[in-house]
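Peer 1: A single structure is presented below for examination.
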Amino acid sequence: MPENSHATFSVDSAVELAVVERSGFVESRHIGSAVVLAADGTVVTQLGDITTPIYARSSLKPLQALAAMQSGVPLRGAQVALACGSHTGSLDHMDVVEGMLKAAGLKEENLQCPAAWPQDETARNWLVRSDQGKSRLAHNCSGKHASFLWACIENGWDIHSYLEPNHPLQQQIRSVIEEYSGERIAHLGIDGCGAPVAAISLTGLARAFSLLAKAPGDKSSNARAATIATSMLDYPWAVQGRGEANTIVMDELEIIAKVGAEGVLVMATSQGVSVAIKMLDGNLRATTLVGLTVLAAAGAVDIPGVSSVLEKVVEPVLGGGRPVGKIRLGHAVSALLD
């Protein structure tokens, strides 16, 4: 642990995971840590510090959704994926969230996530043209918040304090996170949407997703965990958005994938091989490149399939509208392929 226990790992204990090259010149470096776990939880690959806590941010949403479902929320299909998602606020996304609120007997104003403009251009233009302005439904965490509220209705819990750490639902969420990660929450903060956010290690995060991903094939696993893994793969558009990195990975490789703010990404195969990444600079642009590469190096995913996906999700480095460079692997990662 660092001297200040309320801090994540430092640059000194991290590695260079990726670099950004422009016109033959390395312009930026992404420093961070990554871990790959086998299905039995053993460490296959360790790059940097994988034991010091990080704020897992929105990568925790599938565990938060699991807690809501275990609290009696009857989520189905795309609703499950939306509860797990960091969506782009498309019209389809907002429709599903509105349906969840309606099923709970609630309305948009009951959501305590901030009002936001959708990332989705069509939805944003529609809100502008209709003079509706920003919407809580369009916030990327609205599905999670709707599931939280629905849990409150199912259990007779207060809907006004559902984001308070001592609320019964938040206590359930902490229990699920600790159960699936296999470790105690090191620190509890406030996420961008206002909900509590837990600090756990990259190893704990990877362990949790390994359990979720292999649940559908394990008869002894929690049936709701199996539903979450299946629904994320069946409705990948609801987890992020059509054309977005997580969605493409799930759609084409059938690997559950969940991004988190500030450079966090976690993925897991149906066999339970998982990877968790944290970029110390908080930038997400190289996370999928690194994550799929280390999974491929561990033999968990097909290299041609990975190459096809990376062509679609790795941002180009442009100059005057044409490619002049690329985001490429740092030596610590590329060495795994030798």
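Ligands are numbered from 1 in the order shown, residues from 1 within each chain, and chains are lettered A, B, ... in the order they appear in the structure tokens.
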Among region 208-308 of chain A, which ones does DSSP place in alpha helix (DSSP H), written as number ranges by chain?

Peer 2: A: 208-214, 223-234, 236-239, 245-253, 287-297, 303-308

Peer 1: Select from region 79-260 of chain A everything DSSP, run on the backbone, classes as strand (DSSP E), then give the selection as a PyMOL selection string.

Peer 2: chain A and resi 187-190+196-200+256-260

Peer 1: Create the file for the chosen residues now, containing all heavy atoms and written as a compact mmCIF listing (two decimals), in the first residue's frame.

Peer 2:
# COMPACT_ATOMS: atom_id res chain seq x y z
N HIS A 187 -11.92 1.60 0.32
CA HIS A 187 -12.33 2.99 0.49
C HIS A 187 -13.64 3.18 -0.26
O HIS A 187 -13.89 2.51 -1.28
CB HIS A 187 -11.27 3.94 -0.07
CG HIS A 187 -11.47 5.37 0.31
ND1 HIS A 187 -11.31 5.83 1.60
CD2 HIS A 187 -11.81 6.46 -0.41
CE1 HIS A 187 -11.54 7.13 1.65
NE2 HIS A 187 -11.85 7.53 0.44
N LEU A 188 -14.49 4.04 0.24
CA LEU A 188 -15.78 4.31 -0.40
C LEU A 188 -15.86 5.80 -0.70
O LEU A 188 -15.66 6.63 0.20
CB LEU A 188 -16.93 3.88 0.50
CG LEU A 188 -18.28 3.62 -0.18
CD1 LEU A 188 -18.18 2.41 -1.11
CD2 LEU A 188 -19.37 3.38 0.86
N GLY A 189 -16.11 6.14 -1.95
CA GLY A 189 -16.22 7.53 -2.35
C GLY A 189 -17.53 7.80 -3.05
O GLY A 189 -18.48 7.01 -2.96
N ILE A 190 -17.59 8.91 -3.78
CA ILE A 190 -18.79 9.29 -4.53
C ILE A 190 -18.45 9.32 -6.00
O ILE A 190 -17.53 10.03 -6.43
CB ILE A 190 -19.32 10.66 -4.08
CG1 ILE A 190 -19.64 10.64 -2.58
CG2 ILE A 190 -20.57 11.05 -4.88
CD1 ILE A 190 -20.02 11.99 -2.02
N PRO A 196 -22.41 5.82 -4.45
CA PRO A 196 -21.16 5.38 -3.82
C PRO A 196 -20.32 4.57 -4.81
O PRO A 196 -20.85 3.82 -5.63
CB PRO A 196 -21.64 4.49 -2.67
CG PRO A 196 -23.02 4.98 -2.36
CD PRO A 196 -23.59 5.36 -3.70
N VAL A 197 -19.00 4.73 -4.74
CA VAL A 197 -18.09 3.97 -5.59
C VAL A 197 -17.02 3.35 -4.70
O VAL A 197 -16.48 3.99 -3.80
CB VAL A 197 -17.46 4.84 -6.68
CG1 VAL A 197 -16.65 6.00 -6.10
CG2 VAL A 197 -16.60 4.01 -7.61
N ALA A 198 -16.75 2.07 -4.96
CA ALA A 198 -15.83 1.31 -4.12
C ALA A 198 -14.43 1.25 -4.71
O ALA A 198 -14.25 1.20 -5.93
CB ALA A 198 -16.37 -0.11 -3.93
N ALA A 199 -13.45 1.24 -3.83
CA ALA A 199 -12.06 1.02 -4.22
C ALA A 199 -11.70 -0.42 -3.90
O ALA A 199 -11.78 -0.85 -2.75
CB ALA A 199 -11.14 1.98 -3.47
N ILE A 200 -11.33 -1.17 -4.94
CA ILE A 200 -10.84 -2.54 -4.79
C ILE A 200 -9.62 -2.68 -5.69
O ILE A 200 -9.31 -1.79 -6.48
CB ILE A 200 -11.91 -3.59 -5.16
CG1 ILE A 200 -12.40 -3.38 -6.60
CG2 ILE A 200 -13.08 -3.55 -4.18
CD1 ILE A 200 -13.37 -4.46 -7.09
N ILE A 256 -17.56 -10.49 -22.18
CA ILE A 256 -18.21 -9.38 -21.48
C ILE A 256 -17.17 -8.31 -21.21
O ILE A 256 -16.03 -8.60 -20.83
CB ILE A 256 -18.94 -9.81 -20.19
CG1 ILE A 256 -17.99 -10.40 -19.15
CG2 ILE A 256 -20.05 -10.78 -20.49
CD1 ILE A 256 -18.65 -10.61 -17.80
N ALA A 257 -17.55 -7.07 -21.44
CA ALA A 257 -16.61 -5.95 -21.32
C ALA A 257 -17.30 -4.78 -20.66
O ALA A 257 -18.45 -4.46 -20.99
CB ALA A 257 -16.10 -5.55 -22.71
N LYS A 258 -16.61 -4.14 -19.73
CA LYS A 258 -17.20 -2.99 -19.06
C LYS A 258 -16.12 -1.95 -18.76
O LYS A 258 -15.16 -2.21 -18.04
CB LYS A 258 -17.89 -3.41 -17.76
CG LYS A 258 -18.66 -2.27 -17.13
CD LYS A 258 -19.87 -1.88 -17.95
CE LYS A 258 -20.40 -0.51 -17.61
NZ LYS A 258 -19.54 0.61 -18.02
N VAL A 259 -16.34 -0.80 -19.33
CA VAL A 259 -15.44 0.32 -19.11
C VAL A 259 -15.80 1.03 -17.81
O VAL A 259 -16.94 0.95 -17.32
CB VAL A 259 -15.54 1.30 -20.31
CG1 VAL A 259 -16.87 2.05 -20.28
CG2 VAL A 259 -14.38 2.25 -20.35
N GLY A 260 -14.82 1.71 -17.24
CA GLY A 260 -15.06 2.57 -16.09
C GLY A 260 -14.31 3.87 -16.30
O GLY A 260 -13.26 3.89 -16.96

Peer 1: Considering only C-alpha atoms, state which residue in the set A:Gly272, A:Gly321, A:Pro114, A:Pro74 is at the smallest distance from Lys214 (chain A).

Peer 2: A:Gly272

Peer 1: Skipping near chain neighbours, those fewer than 6 positions away, what residues fall within 9 Å of Trp157 (chain A) using only C-alpha atoms, listed as a list of chain:residue names?

Peer 2: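 Final neighbour list, sorted by chain and number: A:Leu149, A:Ala151, A:His167, A:Pro168, A:Leu169.
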
Peer 1: Have a look at A:Ala104, A:Ile255, A:Val43, A:Ala297 and name the one nearest to Cys152 (chain A); count only C-alpha atoms.

Peer 2: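 Of the candidates, the smallest distance to Cys152 (chain A) is held by A:Ala104.
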
Peer 1: CA of Gly299 (chain A) and CA of Glu254 (chain A) are how many Å apart?

Peer 2: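 Distance between the two atoms: 15.2 Å.
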
Peer 1: Which residue gives the smallest distance to Gln240 (chain A) among A:Ala67, A:Ile173, A:Ala78, A:Ala39, with only C-alpha atoms counted?

Peer 2: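 Looking only at the distances to Gln240 (chain A), the closest residue turns out to be A:Ala78.
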
Peer 1: Compile the contact shell of Thr45 (chain A) as a list in words: residues with an atom at most 7 Å away, counting only C-alpha atoms, same-chain residues fewer than 2 positions apart removed.

Peer 2: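 Contacts, in chain order: Val35, Val36, Val43 and Leu47 of chain A.
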
Peer 1: Which polymer residues have any atom within 10 Å of an atom of Glu109 (chain A), counting only C-alpha atoms, with same-chain residues fewer than 6 positions away left out, as a ChimeraX atom specification?

Peer 2: /A:115,135-137

Peer 1: I'd like to know which of A:Ile50, A:Leu289, A:Ile248, A:Val264 is closest to Ala34 (chain A), using only C-alpha atoms.

Peer 2: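 Nearest candidate to Ala34 (chain A) out of A:Ile50, A:Leu289, A:Ile248, A:Val264: A:Ile50.
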
Peer 1: Kindly assemble as JSON lines a list of the region 20-121 of chain A residues that lie within 10 Å of region 328-338 of chain A, each paired with its nearest atom pair and their distance in Å to one decimal, using only C-alpha atoms, sorted first by chain and then by ascending residue number.

Peer 2:
{"residue": "A:Val20", "atom": "CA", "partner": "A:Arg328", "partner_atom": "CA", "distance": 6.3}
{"residue": "A:Glu21", "atom": "CA", "partner": "A:Arg328", "partner_atom": "CA", "distance": 7.4}
{"residue": "A:Val26", "atom": "CA", "partner": "A:Arg328", "partner_atom": "CA", "distance": 9.9}
{"residue": "A:Arg29", "atom": "CA", "partner": "A:Gly330", "partner_atom": "CA", "distance": 8.2}
{"residue": "A:His30", "atom": "CA", "partner": "A:Gly330", "partner_atom": "CA", "distance": 8.2}
{"residue": "A:Ile31", "atom": "CA", "partner": "A:Gly330", "partner_atom": "CA", "distance": 8.9}
{"residue": "A:Ala34", "atom": "CA", "partner": "A:Val333", "partner_atom": "CA", "distance": 9.5}
{"residue": "A:Thr45", "atom": "CA", "partner": "A:Leu336", "partner_atom": "CA", "distance": 9.0}
{"residue": "A:Leu47", "atom": "CA", "partner": "A:Ala332", "partner_atom": "CA", "distance": 7.3}
{"residue": "A:Gly48", "atom": "CA", "partner": "A:Ala332", "partner_atom": "CA", "distance": 9.4}

Peer 1: How about saving the chosen residues, all heavy atoms kept, as a tab-separated table (two decimals), in the first residue's frame?

Peer 2:
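The new file selection.tsv reads:
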chain	number	residue	atom	x	y	z
A	20	VAL	N	1.41	6.71	-27.76
A	20	VAL	CA	0.79	7.34	-28.92
A	20	VAL	C	1.89	7.92	-29.78
A	20	VAL	O	2.69	8.76	-29.33
A	20	VAL	CB	-0.19	8.46	-28.49
A	20	VAL	CG1	-0.84	9.09	-29.72
A	20	VAL	CG2	-1.26	7.89	-27.56
A	21	GLU	N	1.96	7.46	-31.02
A	21	GLU	CA	3.00	7.88	-31.95
A	21	GLU	C	2.41	8.77	-33.04
A	21	GLU	O	1.39	8.43	-33.63
A	21	GLU	CB	3.64	6.64	-32.57
A	21	GLU	CG	4.81	6.92	-33.48
A	21	GLU	CD	5.36	5.63	-34.06
A	21	GLU	OE1	6.04	4.89	-33.32
A	21	GLU	OE2	5.07	5.35	-35.24
A	26	VAL	N	7.09	9.59	-30.55
A	26	VAL	CA	6.24	9.19	-29.43
A	26	VAL	C	5.80	10.43	-28.67
A	26	VAL	O	6.61	11.08	-28.00
A	26	VAL	CB	6.95	8.19	-28.50
A	26	VAL	CG1	6.09	7.91	-27.28
A	26	VAL	CG2	7.26	6.90	-29.24
A	29	ARG	N	2.54	8.81	-23.47
A	29	ARG	CA	2.73	7.47	-22.92
A	29	ARG	C	1.63	7.18	-21.90
A	29	ARG	O	1.33	8.03	-21.06
A	29	ARG	CB	4.11	7.36	-22.24
A	29	ARG	CG	5.28	7.65	-23.17
A	29	ARG	CD	6.61	7.53	-22.44
A	29	ARG	NE	7.72	7.98	-23.27
A	29	ARG	CZ	8.35	7.23	-24.16
A	29	ARG	NH1	7.97	5.97	-24.33
A	29	ARG	NH2	9.35	7.71	-24.88
A	30	HIS	N	1.04	5.99	-22.00
A	30	HIS	CA	0.01	5.58	-21.05
A	30	HIS	C	0.61	4.58	-20.06
A	30	HIS	O	0.95	3.46	-20.43
A	30	HIS	CB	-1.18	4.95	-21.77
A	30	HIS	CG	-1.94	5.94	-22.60
A	30	HIS	ND1	-2.50	7.08	-22.06
A	30	HIS	CD2	-2.25	5.96	-23.92
A	30	HIS	CE1	-3.12	7.77	-23.02
A	30	HIS	NE2	-2.97	7.10	-24.15
A	31	ILE	N	0.73	5.03	-18.82
A	31	ILE	CA	1.31	4.23	-17.74
A	31	ILE	C	0.19	3.65	-16.90
A	31	ILE	O	-0.79	4.34	-16.59
A	31	ILE	CB	2.22	5.10	-16.85
A	31	ILE	CG1	3.20	5.92	-17.70
A	31	ILE	CG2	2.97	4.24	-15.83
A	31	ILE	CD1	4.11	5.09	-18.58
A	34	ALA	N	-2.05	-3.90	-15.26
A	34	ALA	CA	-3.03	-4.83	-15.81
A	34	ALA	C	-2.79	-6.22	-15.23
A	34	ALA	O	-1.66	-6.58	-14.91
A	34	ALA	CB	-2.93	-4.88	-17.34
A	45	THR	N	-0.98	-13.22	-15.89
A	45	THR	CA	-0.14	-12.11	-16.32
A	45	THR	C	-0.26	-10.97	-15.32
A	45	THR	O	-1.37	-10.59	-14.94
A	45	THR	CB	-0.56	-11.60	-17.71
A	45	THR	OG1	-0.54	-12.67	-18.64
A	45	THR	CG2	0.37	-10.48	-18.18
A	47	LEU	N	1.19	-7.05	-14.88
A	47	LEU	CA	1.93	-5.89	-15.39
A	47	LEU	C	1.72	-4.75	-14.40
A	47	LEU	O	0.63	-4.19	-14.31
A	47	LEU	CB	1.43	-5.50	-16.78
A	47	LEU	CG	1.60	-6.54	-17.89
A	47	LEU	CD1	0.91	-6.08	-19.16
A	47	LEU	CD2	3.06	-6.84	-18.15
A	48	GLY	N	2.73	-4.43	-13.64
A	48	GLY	CA	2.59	-3.37	-12.66
A	48	GLY	C	1.92	-3.84	-11.38
A	48	GLY	O	1.82	-5.03	-11.09

Peer 1: For a test of reading the model, state the distance in Å between CA of Gly32 (chain A) and CA of Cys141 (chain A), rounded to one decimal.

Peer 2: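 These two atoms are separated by 25.4 Å.
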